[in-house]
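Below is structure.pdb, which holds PDB, N, CA and C atoms.
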```
MODEL        1
ATOM      1  N   MET S 201      41.392 222.409 159.651
ATOM      2  CA  MET S 201      41.977 221.866 158.445
ATOM      3  C   MET S 201      41.038 220.849 157.778
ATOM      4  N   ALA S 202      40.306 220.082 158.588
ATOM      5  CA  ALA S 202      39.386 219.083 158.044
ATOM      6  C   ALA S 202      38.250 219.763 157.272
ATOM      7  N   HIS S 203      37.815 220.936 157.772
ATOM      8  CA  HIS S 203      36.743 221.686 157.093
ATOM      9  C   HIS S 203      37.228 222.139 155.717
ATOM     10  N   TYR S 204      38.479 222.526 155.612
ATOM     11  CA  TYR S 204      39.052 222.985 154.349
ATOM     12  C   TYR S 204      39.079 221.849 153.335
ATOM     13  N   LYS S 205      39.462 220.644 153.784
ATOM     14  CA  LYS S 205      39.513 219.487 152.887
ATOM     15  C   LYS S 205      38.117 219.086 152.424
ATOM     16  N   ALA S 206      37.115 219.202 153.294
ATOM     17  CA  ALA S 206      35.745 218.863 152.927
ATOM     18  C   ALA S 206      35.243 219.806 151.840
ATOM     19  N   ALA S 207      35.561 221.096 151.963
ATOM     20  CA  ALA S 207      35.144 222.067 150.954
ATOM     21  C   ALA S 207      35.841 221.769 149.628
ATOM     22  N   ASP S 208      37.134 221.443 149.677
ATOM     23  CA  ASP S 208      37.856 221.085 148.456
ATOM     24  C   ASP S 208      37.269 219.827 147.819
ATOM     25  N   SER S 209      36.897 218.878 148.631
ATOM     26  CA  SER S 209      36.328 217.638 148.133
ATOM     27  C   SER S 209      35.008 217.914 147.411
ATOM     28  N   LYS S 210      34.177 218.758 148.004
ATOM     29  CA  LYS S 210      32.900 219.104 147.364
ATOM     30  C   LYS S 210      33.128 219.848 146.057
ATOM     31  N   ARG S 211      34.100 220.748 146.061
ATOM     32  CA  ARG S 211      34.427 221.484 144.830
ATOM     33  C   ARG S 211      34.902 220.529 143.748
ATOM     34  N   GLU S 212      35.760 219.603 144.137
ATOM     35  CA  GLU S 212      36.289 218.628 143.177
ATOM     36  C   GLU S 212      35.166 217.750 142.635
ATOM     37  N   GLN S 213      34.249 217.334 143.471
ATOM     38  CA  GLN S 213      33.113 216.534 143.017
ATOM     39  C   GLN S 213      32.256 217.339 142.045
ATOM     40  N   PHE S 214      32.022 218.597 142.360
ATOM     41  CA  PHE S 214      31.215 219.446 141.497
ATOM     42  C   PHE S 214      31.913 219.663 140.160
ATOM     43  N   ARG S 215      33.240 219.879 140.193
ATOM     44  CA  ARG S 215      34.000 220.055 138.960
ATOM     45  C   ARG S 215      33.910 218.803 138.095
ATOM     46  N   ARG S 216      34.034 217.639 138.690
ATOM     47  CA  ARG S 216      33.920 216.381 137.940
ATOM     48  C   ARG S 216      32.517 216.215 137.353
ATOM     49  N   TYR S 217      31.519 216.608 138.140
ATOM     50  CA  TYR S 217      30.136 216.559 137.646
ATOM     51  C   TYR S 217      29.982 217.446 136.414
ATOM     52  N   LEU S 218      30.526 218.663 136.459
ATOM     53  CA  LEU S 218      30.441 219.580 135.320
ATOM     54  C   LEU S 218      31.196 219.027 134.109
ATOM     55  N   GLU S 219      32.330 218.410 134.352
ATOM     56  CA  GLU S 219      33.093 217.805 133.251
ATOM     57  C   GLU S 219      32.338 216.628 132.643
ATOM     58  N   LYS S 220      31.792 215.783 133.506
ATOM     59  CA  LYS S 220      31.081 214.599 133.035
ATOM     60  C   LYS S 220      29.849 214.976 132.211
ATOM     61  N   SER S 221      29.171 216.026 132.613
ATOM     62  CA  SER S 221      27.972 216.436 131.891
ATOM     63  C   SER S 221      28.291 217.395 130.743
ATOM     64  N   ARG S 222      29.563 217.577 130.463
ATOM     65  CA  ARG S 222      30.071 218.375 129.334
ATOM     66  C   ARG S 222      29.755 219.863 129.429
ATOM     67  N   VAL S 223      29.427 220.329 130.621
ATOM     68  CA  VAL S 223      29.135 221.747 130.808
ATOM     69  C   VAL S 223      30.399 222.574 130.600
ATOM     70  N   LEU S 224      31.504 222.145 131.193
ATOM     71  CA  LEU S 224      32.755 222.901 131.059
ATOM     72  C   LEU S 224      33.199 222.971 129.600
ATOM     73  N   ASP S 225      33.065 221.874 128.892
ATOM     74  CA  ASP S 225      33.453 221.833 127.486
ATOM     75  C   ASP S 225      32.601 222.798 126.656
ATOM     76  N   THR S 226      31.312 222.776 126.889
ATOM     77  CA  THR S 226      30.395 223.641 126.144
ATOM     78  C   THR S 226      30.662 225.113 126.450
ATOM     79  N   LEU S 227      30.823 225.438 127.720
ATOM     80  CA  LEU S 227      31.120 226.826 128.101
ATOM     81  C   LEU S 227      32.438 227.289 127.493
ATOM     82  N   THR S 228      33.413 226.417 127.513
ATOM     83  CA  THR S 228      34.713 226.775 126.942
ATOM     84  C   THR S 228      34.587 227.068 125.454
ATOM     85  N   LYS S 229      33.851 226.236 124.733
ATOM     86  CA  LYS S 229      33.676 226.451 123.290
ATOM     87  C   LYS S 229      32.983 227.780 123.006
ATOM     88  N   VAL S 230      31.953 228.100 123.778
ATOM     89  CA  VAL S 230      31.226 229.355 123.555
ATOM     90  C   VAL S 230      32.110 230.551 123.900
ATOM     91  N   LEU S 231      32.861 230.450 124.968
ATOM     92  CA  LEU S 231      33.753 231.554 125.348
ATOM     93  C   LEU S 231      34.866 231.734 124.326
ATOM     94  N   VAL S 232      35.375 230.652 123.769
ATOM     95  CA  VAL S 232      36.391 230.744 122.718
ATOM     96  C   VAL S 232      35.787 231.402 121.482
ATOM     97  N   ALA S 233      34.552 231.035 121.142
ATOM     98  CA  ALA S 233      33.878 231.644 119.996
ATOM     99  C   ALA S 233      33.720 233.151 120.212
ATOM    100  N   LEU S 234      33.378 233.543 121.419
ATOM    101  CA  LEU S 234      33.264 234.973 121.737
ATOM    102  C   LEU S 234      34.625 235.653 121.628
ATOM    103  N   TYR S 235      35.660 235.005 122.117
ATOM    104  CA  TYR S 235      37.013 235.553 122.059
ATOM    105  C   TYR S 235      37.465 235.735 120.614
ATOM    106  N   GLU S 236      37.133 234.774 119.766
ATOM    107  CA  GLU S 236      37.572 234.802 118.373
ATOM    108  C   GLU S 236      36.673 235.665 117.476
ATOM    109  N   GLU S 237      35.581 236.148 118.017
ATOM    110  CA  GLU S 237      34.663 237.004 117.253
ATOM    111  C   GLU S 237      35.392 238.291 116.860
ATOM    112  N   PRO S 238      35.496 238.595 115.548
ATOM    113  CA  PRO S 238      36.241 239.788 115.128
ATOM    114  C   PRO S 238      35.615 241.088 115.644
ATOM    115  N   GLU S 239      34.289 241.171 115.564
ATOM    116  CA  GLU S 239      33.604 242.341 116.101
ATOM    117  C   GLU S 239      32.839 241.890 117.334
ATOM    118  N   LYS S 240      33.285 242.338 118.473
ATOM    119  CA  LYS S 240      32.666 241.915 119.731
ATOM    120  C   LYS S 240      31.230 242.440 119.806
ATOM    121  N   PRO S 241      30.299 241.600 120.226
ATOM    122  CA  PRO S 241      28.910 242.047 120.351
ATOM    123  C   PRO S 241      28.765 243.045 121.501
ATOM    124  N   ASN S 242      27.705 243.850 121.425
ATOM    125  CA  ASN S 242      27.454 244.820 122.498
ATOM    126  C   ASN S 242      27.187 244.125 123.821
ATOM    127  N   SER S 243      26.513 243.001 123.757
ATOM    128  CA  SER S 243      26.183 242.273 124.973
ATOM    129  C   SER S 243      26.790 240.868 124.911
ATOM    130  N   ALA S 244      27.807 240.662 125.701
ATOM    131  CA  ALA S 244      28.438 239.336 125.754
ATOM    132  C   ALA S 244      27.447 238.308 126.309
ATOM    133  N   LEU S 245      26.604 238.742 127.239
ATOM    134  CA  LEU S 245      25.630 237.826 127.829
ATOM    135  C   LEU S 245      24.630 237.341 126.781
ATOM    136  N   ASP S 246      24.157 238.251 125.922
ATOM    137  CA  ASP S 246      23.249 237.843 124.847
ATOM    138  C   ASP S 246      23.938 236.884 123.885
ATOM    139  N   PHE S 247      25.210 237.131 123.605
ATOM    140  CA  PHE S 247      25.993 236.232 122.749
ATOM    141  C   PHE S 247      26.023 234.829 123.358
ATOM    142  N   LEU S 248      26.308 234.756 124.659
ATOM    143  CA  LEU S 248      26.358 233.459 125.342
ATOM    144  C   LEU S 248      24.993 232.775 125.316
ATOM    145  N   LYS S 249      23.939 233.529 125.607
ATOM    146  CA  LYS S 249      22.596 232.947 125.605
ATOM    147  C   LYS S 249      22.239 232.407 124.229
ATOM    148  N   HIS S 250      22.560 233.186 123.214
ATOM    149  CA  HIS S 250      22.243 232.761 121.845
ATOM    150  C   HIS S 250      22.984 231.473 121.487
ATOM    151  N   HIS S 251      24.253 231.414 121.806
ATOM    152  CA  HIS S 251      25.057 230.250 121.439
ATOM    153  C   HIS S 251      24.818 229.039 122.335
ATOM    154  N   LEU S 252      24.272 229.274 123.511
ATOM    155  CA  LEU S 252      23.931 228.156 124.384
ATOM    156  C   LEU S 252      22.497 227.696 124.147
ATOM    157  N   GLY S 253      21.768 228.453 123.338
ATOM    158  CA  GLY S 253      20.400 228.058 123.009
ATOM    159  C   GLY S 253      19.410 228.382 124.102
ATOM    160  N   ALA S 254      19.563 229.526 124.746
ATOM    161  CA  ALA S 254      18.618 229.924 125.787
ATOM    162  C   ALA S 254      17.223 230.007 125.187
ATOM    163  N   ALA S 255      16.267 229.413 125.858
ATOM    164  CA  ALA S 255      14.914 229.315 125.321
ATOM    165  C   ALA S 255      14.075 230.565 125.556
ATOM    166  N   THR S 256      14.404 231.353 126.537
ATOM    167  CA  THR S 256      13.566 232.502 126.860
ATOM    168  C   THR S 256      14.049 233.737 126.127
ATOM    169  N   PRO S 257      13.191 234.322 125.316
ATOM    170  CA  PRO S 257      13.592 235.535 124.606
ATOM    171  C   PRO S 257      13.643 236.729 125.542
ATOM    172  N   GLU S 258      14.650 237.555 125.388
ATOM    173  CA  GLU S 258      14.794 238.740 126.216
ATOM    174  C   GLU S 258      14.207 239.968 125.529
ATOM    175  N   ASN S 259      14.044 239.879 124.225
ATOM    176  CA  ASN S 259      13.558 241.004 123.464
ATOM    177  C   ASN S 259      12.076 241.222 123.765
ATOM    178  N   PRO S 260      11.703 242.415 124.263
ATOM    179  CA  PRO S 260      10.291 242.657 124.597
ATOM    180  C   PRO S 260       9.371 242.540 123.383
ATOM    181  N   GLU S 261       9.874 242.871 122.200
ATOM    182  CA  GLU S 261       9.060 242.769 120.992
ATOM    183  C   GLU S 261       8.698 241.309 120.720
ATOM    184  N   ILE S 262       9.635 240.405 120.935
ATOM    185  CA  ILE S 262       9.372 238.974 120.728
ATOM    186  C   ILE S 262       8.329 238.498 121.729
ATOM    187  N   GLU S 263       8.452 238.945 122.976
ATOM    188  CA  GLU S 263       7.484 238.551 123.998
ATOM    189  C   GLU S 263       6.086 239.046 123.640
ATOM    190  N   LEU S 264       5.991 240.286 123.135
ATOM    191  CA  LEU S 264       4.697 240.829 122.734
ATOM    192  C   LEU S 264       4.111 240.034 121.572
ATOM    193  N   LEU S 265       4.958 239.664 120.615
ATOM    194  CA  LEU S 265       4.493 238.869 119.479
ATOM    195  C   LEU S 265       4.009 237.492 119.931
ATOM    196  N   CYS S 266       4.685 236.914 120.892
ATOM    197  CA  CYS S 266       4.262 235.611 121.416
ATOM    198  C   CYS S 266       2.895 235.725 122.090
ATOM    199  N   LEU S 267       2.701 236.798 122.857
ATOM    200  CA  LEU S 267       1.405 237.020 123.496
ATOM    201  C   LEU S 267       0.310 237.225 122.452
ATOM    202  N   GLU S 268       0.625 238.036 121.443
ATOM    203  CA  GLU S 268      -0.339 238.289 120.377
ATOM    204  C   GLU S 268      -0.690 236.990 119.643
ATOM    205  N   LEU S 269       0.301 236.166 119.388
ATOM    206  CA  LEU S 269       0.072 234.886 118.727
ATOM    207  C   LEU S 269      -0.854 234.004 119.566
ATOM    208  N   ALA S 270      -0.617 233.957 120.864
ATOM    209  CA  ALA S 270      -1.462 233.148 121.745
ATOM    210  C   ALA S 270      -2.902 233.658 121.716
ATOM    211  N   GLU S 271      -3.084 234.979 121.725
ATOM    212  CA  GLU S 271      -4.426 235.555 121.662
ATOM    213  C   GLU S 271      -5.095 235.205 120.334
ATOM    214  N   MET S 272      -4.351 235.302 119.248
ATOM    215  CA  MET S 272      -4.909 234.986 117.934
ATOM    216  C   MET S 272      -5.299 233.507 117.835
ATOM    217  N   LYS S 273      -4.518 232.639 118.435
ATOM    218  CA  LYS S 273      -4.861 231.215 118.431
ATOM    219  C   LYS S 273      -6.173 230.979 119.178
ATOM    220  N   GLU S 274      -6.345 231.665 120.314
ATOM    221  CA  GLU S 274      -7.585 231.527 121.072
ATOM    222  C   GLU S 274      -8.774 232.022 120.254
ATOM    223  N   LYS S 275      -8.609 233.180 119.608
ATOM    224  CA  LYS S 275      -9.689 233.725 118.777
ATOM    225  C   LYS S 275     -10.013 232.779 117.624
ATOM    226  N   TYR S 276      -8.977 232.229 117.017
ATOM    227  CA  TYR S 276      -9.166 231.293 115.912
ATOM    228  C   TYR S 276      -9.980 230.083 116.366
ATOM    229  N   GLU S 277      -9.608 229.513 117.500
ATOM    230  CA  GLU S 277     -10.325 228.342 118.011
ATOM    231  C   GLU S 277     -11.779 228.691 118.299
ATOM    232  N   ALA S 278     -12.033 229.879 118.849
ATOM    233  CA  ALA S 278     -13.398 230.297 119.136
ATOM    234  C   ALA S 278     -14.191 230.452 117.840
ATOM    235  N   ILE S 279     -13.575 231.009 116.820
ATOM    236  CA  ILE S 279     -14.252 231.198 115.536
ATOM    237  C   ILE S 279     -14.528 229.854 114.866
ATOM    238  N   VAL S 280     -13.590 228.934 114.944
ATOM    239  CA  VAL S 280     -13.809 227.601 114.368
ATOM    240  C   VAL S 280     -14.986 226.926 115.063
ATOM    241  N   GLU S 281     -15.045 227.039 116.368
ATOM    242  CA  GLU S 281     -16.141 226.438 117.123
ATOM    243  C   GLU S 281     -17.477 227.090 116.755
ATOM    244  N   GLU S 282     -17.476 228.419 116.649
ATOM    245  CA  GLU S 282     -18.694 229.134 116.257
ATOM    246  C   GLU S 282     -19.118 228.719 114.846
ATOM    247  N   ASN S 283     -18.168 228.551 113.952
ATOM    248  CA  ASN S 283     -18.449 228.137 112.583
ATOM    249  C   ASN S 283     -19.123 226.759 112.567
ATOM    250  N   LYS S 284     -18.627 225.843 113.374
ATOM    251  CA  LYS S 284     -19.229 224.507 113.446
ATOM    252  C   LYS S 284     -20.684 224.599 113.894
ATOM    253  N   LYS S 285     -20.924 225.408 114.926
ATOM    254  CA  LYS S 285     -22.285 225.560 115.441
ATOM    255  C   LYS S 285     -23.196 226.165 114.379
ATOM    256  N   LEU S 286     -22.712 227.172 113.678
ATOM    257  CA  LEU S 286     -23.522 227.820 112.651
ATOM    258  C   LEU S 286     -23.818 226.877 111.488
ATOM    259  N   LYS S 287     -22.840 226.055 111.110
ATOM    260  CA  LYS S 287     -23.068 225.084 110.040
ATOM    261  C   LYS S 287     -24.132 224.074 110.448
ATOM    262  N   THR S 288     -24.086 223.647 111.695
ATOM    263  CA  THR S 288     -25.077 222.703 112.199
ATOM    264  C   THR S 288     -26.463 223.337 112.174
ATOM    265  N   LYS S 289     -26.533 224.582 112.624
ATOM    266  CA  LYS S 289     -27.808 225.301 112.639
ATOM    267  C   LYS S 289     -28.334 225.498 111.209
ATOM    268  N   LEU S 290     -27.454 225.856 110.298
ATOM    269  CA  LEU S 290     -27.834 226.077 108.912
ATOM    270  C   LEU S 290     -28.331 224.789 108.260
ATOM    271  N   ALA S 291     -27.713 223.694 108.606
ATOM    272  CA  ALA S 291     -28.095 222.404 108.033
ATOM    273  C   ALA S 291     -29.532 222.051 108.396
ATOM    274  N   GLN S 292     -30.027 222.553 109.516
ATOM    275  CA  GLN S 292     -31.414 222.278 109.919
ATOM    276  C   GLN S 292     -32.407 222.969 108.986
ATOM    277  N   TYR S 293     -32.020 224.109 108.425
ATOM    278  CA  TYR S 293     -32.934 224.898 107.604
ATOM    279  C   TYR S 293     -32.770 224.657 106.106
ATOM    280  N   GLU S 294     -31.674 224.070 105.702
ATOM    281  CA  GLU S 294     -31.446 223.798 104.283
ATOM    282  C   GLU S 294     -31.888 222.391 103.953
ATOM    283  N   PRO S 295     -32.441 222.215 102.741
ATOM    284  CA  PRO S 295     -32.780 220.851 102.331
ATOM    285  C   PRO S 295     -31.498 220.065 102.060
ATOM    286  N   PRO S 296     -31.554 218.767 102.169
ATOM    287  CA  PRO S 296     -30.357 217.955 101.885
ATOM    288  C   PRO S 296     -29.868 218.185 100.468
ATOM    289  N   GLN S 297     -28.627 217.929 100.183
ATOM    290  CA  GLN S 297     -28.006 218.163  98.875
ATOM    291  C   GLN S 297     -28.713 217.400  97.763
ATOM    292  N   GLU S 298     -29.209 216.205  98.010
ATOM    293  CA  GLU S 298     -29.874 215.394  96.996
ATOM    294  C   GLU S 298     -31.143 216.069  96.495
ATOM    295  N   GLU S 299     -31.894 216.696  97.401
ATOM    296  CA  GLU S 299     -33.130 217.364  97.016
ATOM    297  C   GLU S 299     -32.837 218.581  96.160
ATOM    298  N   LYS S 300     -31.744 219.271  96.420
ATOM    299  CA  LYS S 300     -31.368 220.449  95.636
ATOM    300  C   LYS S 300     -31.087 220.047  94.196
ATOM    301  N   ARG S 301     -30.401 218.938  93.996
ATOM    302  CA  ARG S 301     -30.022 218.495  92.653
ATOM    303  C   ARG S 301     -31.250 218.065  91.854
ATOM    304  N   ALA S 302     -32.251 217.524  92.527
ATOM    305  CA  ALA S 302     -33.456 217.057  91.852
ATOM    306  C   ALA S 302     -34.261 218.223  91.293
ATOM    307  N   GLU S 303     -34.152 219.373  91.876
ATOM    308  CA  GLU S 303     -34.925 220.530  91.437
ATOM    309  C   GLU S 303     -34.431 221.111  90.195
TER     310      GLU S 303
ENDMDL
END
```
Please, can you express the file's structure as C-alpha cells?
Amino acid sequence: MAHYKAADSKREQFRRYLEKSRVLDTLTKVLVALYEEPEKPNSALDFLKHHLGAATPENPEIELLCLELAEMKEKYEAIVEENKKLKTKLAQYEPPQEEKRAE
C-alpha cells in the first residue's frame, strides 16, 4: 500500500509541475482548437506541432531547402573572400585613383 501512495505522490507532483509551467493549459487550448476546427486536418499531430510552435520541420522539401540555403551561404562567403583577395591583387597593378584623374 505504501508503494501505491508513493506512486500517487509522484504523479501528483508531476501534475502540479505541469500546471505550474502552464503545459496543461497550453495543451488544453490546442486540443480545444483542434476539436472546434470545422474541417479536421489530415494529421492531428501536425496540427498540434504547428499550434505548439514545433521548431523542426517535418516536410522533406523544407529540409532540402534549408540544406540548399546553407550550401549557398557557404558558397557566398567563399566568393566574397575570393573577391576581396582579387581586389587586393588588382590594386597592386592599378595606379592609385589620383593618378588616373591627373591623366
Go through range 210-267 of chain S and collect every residue that DSSP, computed from the backbone, puts in alpha helix (DSSP H); the answer should be as JSON, numbers by chain.
{"S": [210, 211, 212, 213, 214, 215, 216, 217, 218, 219, 220, 223, 224, 225, 226, 227, 228, 229, 230, 231, 232, 233, 234, 235, 236, 244, 245, 246, 247, 248, 249, 250, 251, 252, 260, 261, 262, 263, 264, 265, 266, 267]}
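Atom C of Ile262 in chain S to atom N of Asp246 in chain S spans 16.4 Å [interatomic distance, one decimal].
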Gap from CA of Cys266 in chain S to atom N of Val230 in chain S - Å, one decimal:
28.8 Å
Can you tell me, as JSON, the centre and edge lengths (Å, one decimal) of the axis-aligned box enclosing all of range 283-295 of chain S's listed atoms after padding each side by 5 Å?
```
{"center_x": -25.6, "center_y": 224.3, "center_z": 108.8, "size_x": 24.8, "size_y": 18.5, "size_z": 23.4}
```
d(atom C of Leu248 in chain S, atom N of Arg222 in chain S) in Å
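Answer for the atom C of Leu248 in chain S to atom N of Arg222 in chain S separation: 16.7 Å.
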What would chain S look like if you wrote it out as a PDB file, in the first residue's frame, with C-alpha atoms included, from the block I just posted?
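Ended up saving to out-v4.pdb:
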```pdb
ATOM      1  CA  MET S 201       0.000   0.000   0.000  1.00  0.00           C
ATOM      2  CA  ALA S 202       2.896   2.381   0.752  1.00  0.00           C
ATOM      3  CA  HIS S 203       4.278   1.806  -2.773  1.00  0.00           C
ATOM      4  CA  TYR S 204       0.898   2.809  -4.230  1.00  0.00           C
ATOM      5  CA  LYS S 205       0.853   6.071  -2.245  1.00  0.00           C
ATOM      6  CA  ALA S 206       4.417   6.904  -3.337  1.00  0.00           C
ATOM      7  CA  ALA S 207       3.446   6.482  -6.997  1.00  0.00           C
ATOM      8  CA  ASP S 208       0.370   8.677  -6.477  1.00  0.00           C
ATOM      9  CA  SER S 209       2.505  11.282  -4.752  1.00  0.00           C
ATOM     10  CA  LYS S 210       4.947  11.380  -7.671  1.00  0.00           C
ATOM     11  CA  ARG S 211       2.072  11.640 -10.136  1.00  0.00           C
ATOM     12  CA  GLU S 212       0.534  14.471  -8.141  1.00  0.00           C
ATOM     13  CA  GLN S 213       3.868  16.306  -8.011  1.00  0.00           C
ATOM     14  CA  PHE S 214       4.299  15.881 -11.757  1.00  0.00           C
ATOM     15  CA  ARG S 215       0.739  17.099 -12.397  1.00  0.00           C
ATOM     16  CA  ARG S 216       1.382  20.200 -10.272  1.00  0.00           C
ATOM     17  CA  TYR S 217       4.638  20.788 -12.139  1.00  0.00           C
ATOM     18  CA  LEU S 218       2.774  20.638 -15.475  1.00  0.00           C
ATOM     19  CA  GLU S 219       0.104  23.009 -14.167  1.00  0.00           C
ATOM     20  CA  LYS S 220       2.652  25.441 -12.763  1.00  0.00           C
ATOM     21  CA  SER S 221       4.579  25.555 -16.022  1.00  0.00           C
ATOM     22  CA  ARG S 222       1.292  26.038 -17.938  1.00  0.00           C
ATOM     23  CA  VAL S 223       1.802  22.904 -20.022  1.00  0.00           C
ATOM     24  CA  LEU S 224      -1.661  21.534 -19.226  1.00  0.00           C
ATOM     25  CA  ASP S 225      -3.283  24.861 -20.057  1.00  0.00           C
ATOM     26  CA  THR S 226      -1.464  25.138 -23.379  1.00  0.00           C
ATOM     27  CA  LEU S 227      -2.232  21.544 -24.375  1.00  0.00           C
ATOM     28  CA  THR S 228      -5.864  22.017 -23.456  1.00  0.00           C
ATOM     29  CA  LYS S 229      -6.142  25.154 -25.599  1.00  0.00           C
ATOM     30  CA  VAL S 230      -4.579  23.433 -28.617  1.00  0.00           C
ATOM     31  CA  LEU S 231      -6.776  20.359 -28.223  1.00  0.00           C
ATOM     32  CA  VAL S 232      -9.877  22.557 -27.930  1.00  0.00           C
ATOM     33  CA  ALA S 233      -8.807  24.396 -31.094  1.00  0.00           C
ATOM     34  CA  LEU S 234      -8.483  21.045 -32.868  1.00  0.00           C
ATOM     35  CA  TYR S 235     -11.890  19.965 -31.559  1.00  0.00           C
ATOM     36  CA  GLU S 236     -13.508  23.197 -32.741  1.00  0.00           C
ATOM     37  CA  GLU S 237     -11.845  23.037 -36.172  1.00  0.00           C
ATOM     38  CA  PRO S 238     -14.724  22.722 -38.696  1.00  0.00           C
ATOM     39  CA  GLU S 239     -12.653  20.701 -41.155  1.00  0.00           C
ATOM     40  CA  LYS S 240     -10.415  18.299 -39.295  1.00  0.00           C
ATOM     41  CA  PRO S 241      -6.849  18.210 -40.629  1.00  0.00           C
ATOM     42  CA  ASN S 242      -5.481  15.002 -42.130  1.00  0.00           C
ATOM     43  CA  SER S 243      -2.814  14.860 -39.466  1.00  0.00           C
ATOM     44  CA  ALA S 244      -3.822  15.823 -35.948  1.00  0.00           C
ATOM     45  CA  LEU S 245      -0.177  15.530 -34.901  1.00  0.00           C
ATOM     46  CA  ASP S 246       0.906  18.106 -37.499  1.00  0.00           C
ATOM     47  CA  PHE S 247      -1.899  20.387 -36.289  1.00  0.00           C
ATOM     48  CA  LEU S 248      -0.605  20.091 -32.713  1.00  0.00           C
ATOM     49  CA  LYS S 249       3.004  20.682 -33.766  1.00  0.00           C
ATOM     50  CA  HIS S 250       2.038  23.730 -35.783  1.00  0.00           C
ATOM     51  CA  HIS S 251      -0.002  25.267 -32.979  1.00  0.00           C
ATOM     52  CA  LEU S 252       2.586  24.462 -30.337  1.00  0.00           C
ATOM     53  CA  GLY S 253       5.302  26.021 -32.472  1.00  0.00           C
ATOM     54  CA  ALA S 254       7.417  22.939 -33.105  1.00  0.00           C
ATOM     55  CA  ALA S 255      10.739  24.142 -34.451  1.00  0.00           C
ATOM     56  CA  THR S 256      11.689  21.128 -36.536  1.00  0.00           C
ATOM     57  CA  PRO S 257      10.099  20.949 -39.960  1.00  0.00           C
ATOM     58  CA  GLU S 258       8.774  17.549 -40.956  1.00  0.00           C
ATOM     59  CA  ASN S 259       8.337  18.395 -44.606  1.00  0.00           C
ATOM     60  CA  PRO S 260      11.260  16.895 -46.580  1.00  0.00           C
ATOM     61  CA  GLU S 261      11.063  19.748 -49.101  1.00  0.00           C
ATOM     62  CA  ILE S 262      11.651  22.295 -46.320  1.00  0.00           C
ATOM     63  CA  GLU S 263      14.616  20.286 -45.051  1.00  0.00           C
ATOM     64  CA  LEU S 264      16.100  20.174 -48.565  1.00  0.00           C
ATOM     65  CA  LEU S 265      15.628  23.930 -48.945  1.00  0.00           C
ATOM     66  CA  CYS S 266      17.348  24.519 -45.611  1.00  0.00           C
ATOM     67  CA  LEU S 267      20.299  22.393 -46.730  1.00  0.00           C
ATOM     68  CA  GLU S 268      20.442  24.210 -50.056  1.00  0.00           C
ATOM     69  CA  LEU S 269      20.351  27.563 -48.261  1.00  0.00           C
ATOM     70  CA  ALA S 270      23.242  26.529 -46.013  1.00  0.00           C
ATOM     71  CA  GLU S 271      25.269  25.452 -49.064  1.00  0.00           C
ATOM     72  CA  MET S 272      24.528  28.732 -50.837  1.00  0.00           C
ATOM     73  CA  LYS S 273      25.618  30.713 -47.778  1.00  0.00           C
ATOM     74  CA  GLU S 274      28.925  28.830 -47.735  1.00  0.00           C
ATOM     75  CA  LYS S 275      29.449  29.475 -51.454  1.00  0.00           C
ATOM     76  CA  TYR S 276      28.581  33.137 -50.976  1.00  0.00           C
ATOM     77  CA  GLU S 277      31.116  33.524 -48.169  1.00  0.00           C
ATOM     78  CA  ALA S 278      33.785  31.817 -50.289  1.00  0.00           C
ATOM     79  CA  ILE S 279      33.049  34.122 -53.229  1.00  0.00           C
ATOM     80  CA  VAL S 280      33.149  37.224 -51.022  1.00  0.00           C
ATOM     81  CA  GLU S 281      36.520  36.130 -49.669  1.00  0.00           C
ATOM     82  CA  GLU S 282      37.827  35.421 -53.180  1.00  0.00           C
ATOM     83  CA  ASN S 283      36.558  38.838 -54.305  1.00  0.00           C
ATOM     84  CA  LYS S 284      38.487  40.553 -51.501  1.00  0.00           C
ATOM     85  CA  LYS S 285      41.677  38.742 -52.485  1.00  0.00           C
ATOM     86  CA  LEU S 286      41.229  39.619 -56.153  1.00  0.00           C
ATOM     87  CA  LYS S 287      40.589  43.286 -55.345  1.00  0.00           C
ATOM     88  CA  THR S 288      43.766  43.375 -53.280  1.00  0.00           C
ATOM     89  CA  LYS S 289      45.722  41.747 -56.095  1.00  0.00           C
ATOM     90  CA  LEU S 290      44.229  44.124 -58.666  1.00  0.00           C
ATOM     91  CA  ALA S 291      45.084  47.140 -56.542  1.00  0.00           C
ATOM     92  CA  GLN S 292      48.771  46.186 -56.828  1.00  0.00           C
ATOM     93  CA  TYR S 293      48.655  46.508 -60.625  1.00  0.00           C
ATOM     94  CA  GLU S 294      46.419  49.563 -60.967  1.00  0.00           C
ATOM     95  CA  PRO S 295      47.676  53.080 -60.398  1.00  0.00           C
ATOM     96  CA  PRO S 296      46.071  54.939 -57.496  1.00  0.00           C
ATOM     97  CA  GLN S 297      42.836  56.826 -58.274  1.00  0.00           C
ATOM     98  CA  GLU S 298      44.554  60.242 -58.019  1.00  0.00           C
ATOM     99  CA  GLU S 299      46.993  59.396 -60.816  1.00  0.00           C
ATOM    100  CA  LYS S 300      44.136  58.297 -63.086  1.00  0.00           C
ATOM    101  CA  ARG S 301      42.363  61.647 -62.680  1.00  0.00           C
ATOM    102  CA  ALA S 302      45.535  63.595 -63.483  1.00  0.00           C
ATOM    103  CA  GLU S 303      45.830  61.916 -66.872  1.00  0.00           C
TER     104      GLU S 303
END
```
